Amino acid sequence: MANENLSADVVIVGAGICGSLAALELARAGISVLLLDAGPRYDRAQIVENWRNMAPHNKAFYDYATPYPVVPWAPHTTFFPENDYLIVKGPDATAYKQGIIKGVGGTTWHWAASSWRYLPNDFKLKSTYGVGRDYAISYDDLESYYYAAEVEMGVKGPNDMDVVPSAPRKQPWPMDSMPYGYGDRRFIEIVKPLGYDNTPVPQGRNSRPYDGRPQCCGNNNCMPICPIGAMYHGVYSAQKAEALGTKIIENAVVYSIETDEKNRIVAMNYYNPNKQSHRVTAKTFVIAANGIETPKLLLLAANDKNPNGIANSSDQVGRNMMDHPGIGMSFQAAEPIWAGAGSVQMSSITNFRDGPFRSEHSAIQIGYNNTAQNSRAGMKALSMGLVGKKLDQEIRRRTAHGVDIYVNHETLAHPDNRLVLSSTHKDALGIPHPEVTYDVGEYVHKAAVMSREHLITIANAMGATEIEMTSFFTPNNHITGGTIMGNDPNDSVVDGWLRTHDHENLFLGTGGAMAAAGTVNSTLTMAALSLRAVDAIKQDMEHA
């Protein structure tokens, strides 16, 4: 069957941010690691070139997937044109059309680098507000790991500001925030009298040379690719781990998991692109794919002892799928705003991240999108039939006056928001596609009424014309909940250390373990949780 048998102390599946950070910390401790990823290695220069050559329409509508070629053995989502890799059904299907890529470094190749800590109440939503679920740990349990992740990633934040609400910190951000561009400065000036407080977004992006990476130079195409490497992503940690002896195997699609009589994991099997099978063994296994691919693999790997899927005695694998359903609005402001100086997300309105209202409806985050407006301006001006000097003038006007803002909503964990294996769609290796049924629920719909009012209030203050607001919820690629944590093995998949309840030597280092979505980007929290899991693995090794 297999033409080789590879072994290490720890096998990690998924070389995105969580898997790569875990591999690096284990390698630093002298633990041997095999790091597998279903996708290829990407070359930054080639991805930049792919982005430059993208069709104008794709650029205008924020296509972050096309620069990363889809390979048949490890397909990921695309939208221009839309493929059928992730099948989404249900009343809010539009809210779960997630953008993911597969490959060493993972989806952080094209993230905005927003690196928020969650608030203490986000960890105890049920006990504080009577809704949703509590984490199996507290904010205090994670604080030191938050900082460790910030140091490794190189997170800049508002060290000179008193931010409310804010997660309590024992140490400052590793770097100070960069100055706002004109667009964020003017936006803040306009909305401040309305009672909206803006906070600099903590970002995994260099405000000074840091860890061998250059300072951000404000190219403003962080999504889909930072051309100079000033923005952190998982490949940096993967490369560091590799330099310390970690073996990285790309294009390795894990499809089955072997267990022994004690239900410990003894081996995993993966296909290469030619569907040749290989077997890997270890003392400890970590699945660190994203929140879609991790539950998909656990369900796919069902065996005689685990007929409903690996780690799924609770029937919670693939359930409780969450994100931050968004509402977007664009318009032409009465005065020039000039989005585009600096990174794509610089500031955020934080007034509504927490409060007693969460017992009734979602907390929200309101953001100004600092993405340059020239691509959209050009497409719109061309659609007006303009040519020559009039075309040039209209592109310049729309680029200067274009504004794009959004609201993101927290969702509650609900078991009916569920991922299953498709019965109709399979990839080139014969592996079923993931299929998700999604409904954001009344908790979000109540908040959305007020969210739209906030957006219109801001638009009116900016003298908006040509207002366009999405009538549906949009996704944000903050994938949480599918392998949810908890103290009770009957209604959760992992404990507070991300150890599976069913298999003592299997950890799930993924955002899928998060028990509540909060309002902000989940990347830093999942990274911190993965580093905490590494401490449990190291303790296991010491006592083995």
# chains A, B, ... in the order shown; residues from 1 in each chain; ligands from 1

call {"tool": "residues_around", "arguments": {"residues": "segment 405-418 of chain A", "least_positions_apart": "5", "cutoff": "7 Å", "atoms": "only C-alpha atoms", "output": "short mmCIF file (atom, residue, chain, number, x, y, z; two decimals) with C-alpha atoms, in the first residue's frame"}}
result
data_model
loop_
_atom_site.label_atom_id
_atom_site.label_comp_id
_atom_site.auth_asym_id
_atom_site.auth_seq_id
_atom_site.Cartn_x
_atom_site.Cartn_y
_atom_site.Cartn_z
CA GLY A 132 -24.17 30.67 23.33
CA ARG A 133 -21.41 28.67 25.00
CA GLY A 318 -18.75 19.54 11.95
CA ARG A 319 -21.44 21.18 14.07
CA ASN A 320 -21.54 24.74 15.49
CA MET A 321 -19.96 26.27 12.38
CA MET A 322 -19.46 30.00 12.94
CA ASP A 323 -18.04 33.09 11.24
CA HIS A 324 -18.74 36.83 11.41
CA PRO A 325 -21.60 37.46 8.97
CA GLY A 326 -21.10 40.89 7.47
CA ILE A 327 -23.03 43.70 5.84
CA GLY A 328 -21.13 45.91 3.43
CA MET A 329 -21.87 49.38 2.12
CA SER A 330 -20.14 51.51 -0.50
CA SER A 362 -25.06 40.18 18.50
CA ALA A 363 -22.15 42.37 19.38
CA ILE A 364 -20.71 44.03 16.29
CA GLN A 365 -17.57 45.54 14.83
CA ILE A 366 -17.78 48.44 12.36
CA GLY A 367 -14.83 48.97 10.07
CA TYR A 368 -13.58 51.40 7.47
CA ASN A 369 -12.12 49.48 4.54
CA VAL A 436 -22.32 23.25 5.08
CA THR A 437 -25.87 24.19 6.06
CA TYR A 438 -25.94 27.68 7.56
CA ASP A 439 -28.46 29.96 9.31
CA VAL A 440 -27.16 32.98 11.23
CA VAL A 444 -27.77 38.11 14.30
CA SER A 451 -26.21 47.65 11.95
CA GLY A 481 -16.71 26.16 16.00
CA ALA A 515 -16.53 28.04 21.43
CA ALA A 516 -17.71 31.59 20.66
CA ALA A 517 -16.98 33.81 17.68
CA GLY A 518 -16.75 37.23 19.33
CA THR A 519 -16.74 40.16 16.91
#

call {"tool": "residues_around", "arguments": {"residues": "Thr465 of chain A", "least_positions_apart": "5", "cutoff": "7 Å", "atoms": "only C-alpha atoms", "output": "list in words"}}
result
Phe331, Gln332 and Ala333 of chain A

call {"tool": "residues_around", "arguments": {"residues": "segment 199-202 of chain A", "least_positions_apart": "5", "cutoff": "10 Å", "atoms": "only C-alpha atoms", "output": "PyMOL selection string"}}
result
chain A and resi 113-117+150+155-159+161-166+173+175-180+184+188+345-351+367

call {"tool": "write_last_selection", "arguments": {"atoms": "N, CA and C atoms", "output": "short mmCIF file (atom, residue, chain, number, x, y, z; two decimals), in the first residue's frame"}}
result
data_model
loop_
_atom_site.label_atom_id
_atom_site.label_comp_id
_atom_site.auth_asym_id
_atom_site.auth_seq_id
_atom_site.Cartn_x
_atom_site.Cartn_y
_atom_site.Cartn_z
N ALA A 113 -4.24 40.54 8.17
CA ALA A 113 -3.31 40.58 9.31
C ALA A 113 -3.90 41.22 10.56
N SER A 114 -5.22 41.39 10.63
CA SER A 114 -5.85 41.88 11.86
C SER A 114 -5.64 40.87 12.97
N SER A 115 -5.05 41.31 14.07
CA SER A 115 -4.60 40.37 15.12
C SER A 115 -5.14 40.81 16.47
N TRP A 116 -6.44 40.71 16.60
CA TRP A 116 -7.13 41.11 17.83
C TRP A 116 -7.05 40.02 18.89
N ARG A 117 -6.98 40.43 20.13
CA ARG A 117 -7.32 39.54 21.24
C ARG A 117 -8.83 39.60 21.46
N GLU A 150 1.82 36.99 19.60
CA GLU A 150 2.08 38.34 19.10
C GLU A 150 3.58 38.56 18.83
N VAL A 155 3.26 41.57 16.05
CA VAL A 155 2.00 42.32 16.02
C VAL A 155 2.25 43.75 16.51
N LYS A 156 1.75 44.69 15.74
CA LYS A 156 1.82 46.10 16.14
C LYS A 156 0.46 46.53 16.67
N GLY A 157 0.48 47.39 17.69
CA GLY A 157 -0.77 47.82 18.29
C GLY A 157 -0.65 49.18 18.94
N PRO A 158 -1.78 49.72 19.42
CA PRO A 158 -1.84 51.09 19.93
C PRO A 158 -1.31 51.22 21.36
N ASN A 159 0.00 51.10 21.51
CA ASN A 159 0.60 51.15 22.85
C ASN A 159 0.39 52.47 23.55
N MET A 161 -2.35 54.37 23.48
CA MET A 161 -3.76 54.74 23.56
C MET A 161 -4.47 53.95 24.65
N ASP A 162 -5.48 54.57 25.25
CA ASP A 162 -6.36 53.91 26.20
C ASP A 162 -7.58 53.44 25.43
N VAL A 163 -7.63 52.16 25.10
CA VAL A 163 -8.67 51.61 24.25
C VAL A 163 -9.74 50.95 25.11
N VAL A 164 -10.99 51.32 24.91
CA VAL A 164 -12.11 50.74 25.65
C VAL A 164 -13.18 50.33 24.66
N PRO A 165 -13.69 49.08 24.69
CA PRO A 165 -13.18 48.01 25.54
C PRO A 165 -11.89 47.42 24.97
N SER A 166 -11.08 46.89 25.84
CA SER A 166 -9.84 46.28 25.38
C SER A 166 -9.51 45.09 26.27
N TRP A 173 2.33 45.71 23.09
CA TRP A 173 2.47 45.08 21.79
C TRP A 173 3.94 45.13 21.37
N MET A 175 5.30 45.91 18.67
CA MET A 175 5.58 47.11 17.88
C MET A 175 4.44 48.10 18.04
N ASP A 176 4.75 49.39 17.88
CA ASP A 176 3.73 50.42 17.89
C ASP A 176 2.99 50.46 16.56
N SER A 177 1.76 50.97 16.59
CA SER A 177 0.97 51.11 15.37
C SER A 177 1.63 52.10 14.42
N MET A 178 1.33 51.91 13.13
CA MET A 178 1.76 52.89 12.13
C MET A 178 0.73 54.02 12.05
N PRO A 179 1.14 55.20 11.61
CA PRO A 179 0.19 56.32 11.47
C PRO A 179 -0.91 55.98 10.46
N TYR A 180 -2.09 56.53 10.69
CA TYR A 180 -3.19 56.38 9.74
C TYR A 180 -2.88 57.11 8.44
N ASP A 184 -8.40 57.05 6.78
CA ASP A 184 -8.79 56.73 8.16
C ASP A 184 -8.87 57.98 9.02
N ILE A 188 -12.42 59.10 10.80
CA ILE A 188 -12.52 59.22 12.25
C ILE A 188 -13.02 60.60 12.64
N GLN A 345 -6.65 47.52 6.34
CA GLN A 345 -7.49 47.75 7.51
C GLN A 345 -6.65 48.42 8.58
N MET A 346 -6.99 49.64 8.91
CA MET A 346 -6.20 50.42 9.86
C MET A 346 -6.96 50.74 11.15
N SER A 347 -8.28 50.97 11.05
CA SER A 347 -9.05 51.38 12.23
C SER A 347 -10.37 50.63 12.30
N SER A 348 -10.94 50.61 13.49
CA SER A 348 -12.20 49.91 13.70
C SER A 348 -12.99 50.61 14.80
N ILE A 349 -14.31 50.68 14.62
CA ILE A 349 -15.20 51.23 15.65
C ILE A 349 -15.49 50.12 16.66
N THR A 350 -15.17 50.40 17.94
CA THR A 350 -15.17 49.34 18.96
C THR A 350 -16.27 49.49 20.00
N ASN A 351 -17.15 50.48 19.86
CA ASN A 351 -18.16 50.74 20.89
C ASN A 351 -19.04 49.54 21.21
N GLY A 367 -16.15 48.68 10.59
CA GLY A 367 -14.83 48.97 10.07
C GLY A 367 -14.85 49.83 8.82
#

call {"tool": "select_by_dssp", "arguments": {"residues": "segment 90-265 of chain A", "states": "helix (DSSP H, G or I)", "output": "PyMOL selection string"}}
result
chain A and resi 93-96+106-110+120-123+125-129+139-153+182-194+234-243

call {"tool": "closest_residue", "arguments": {"among": "A:Pro209, A:Lys389, A:Asp122, A:Tyr64", "to": "Gly99 of chain A", "atoms": "only C-alpha atoms"}}
result
A:Tyr64
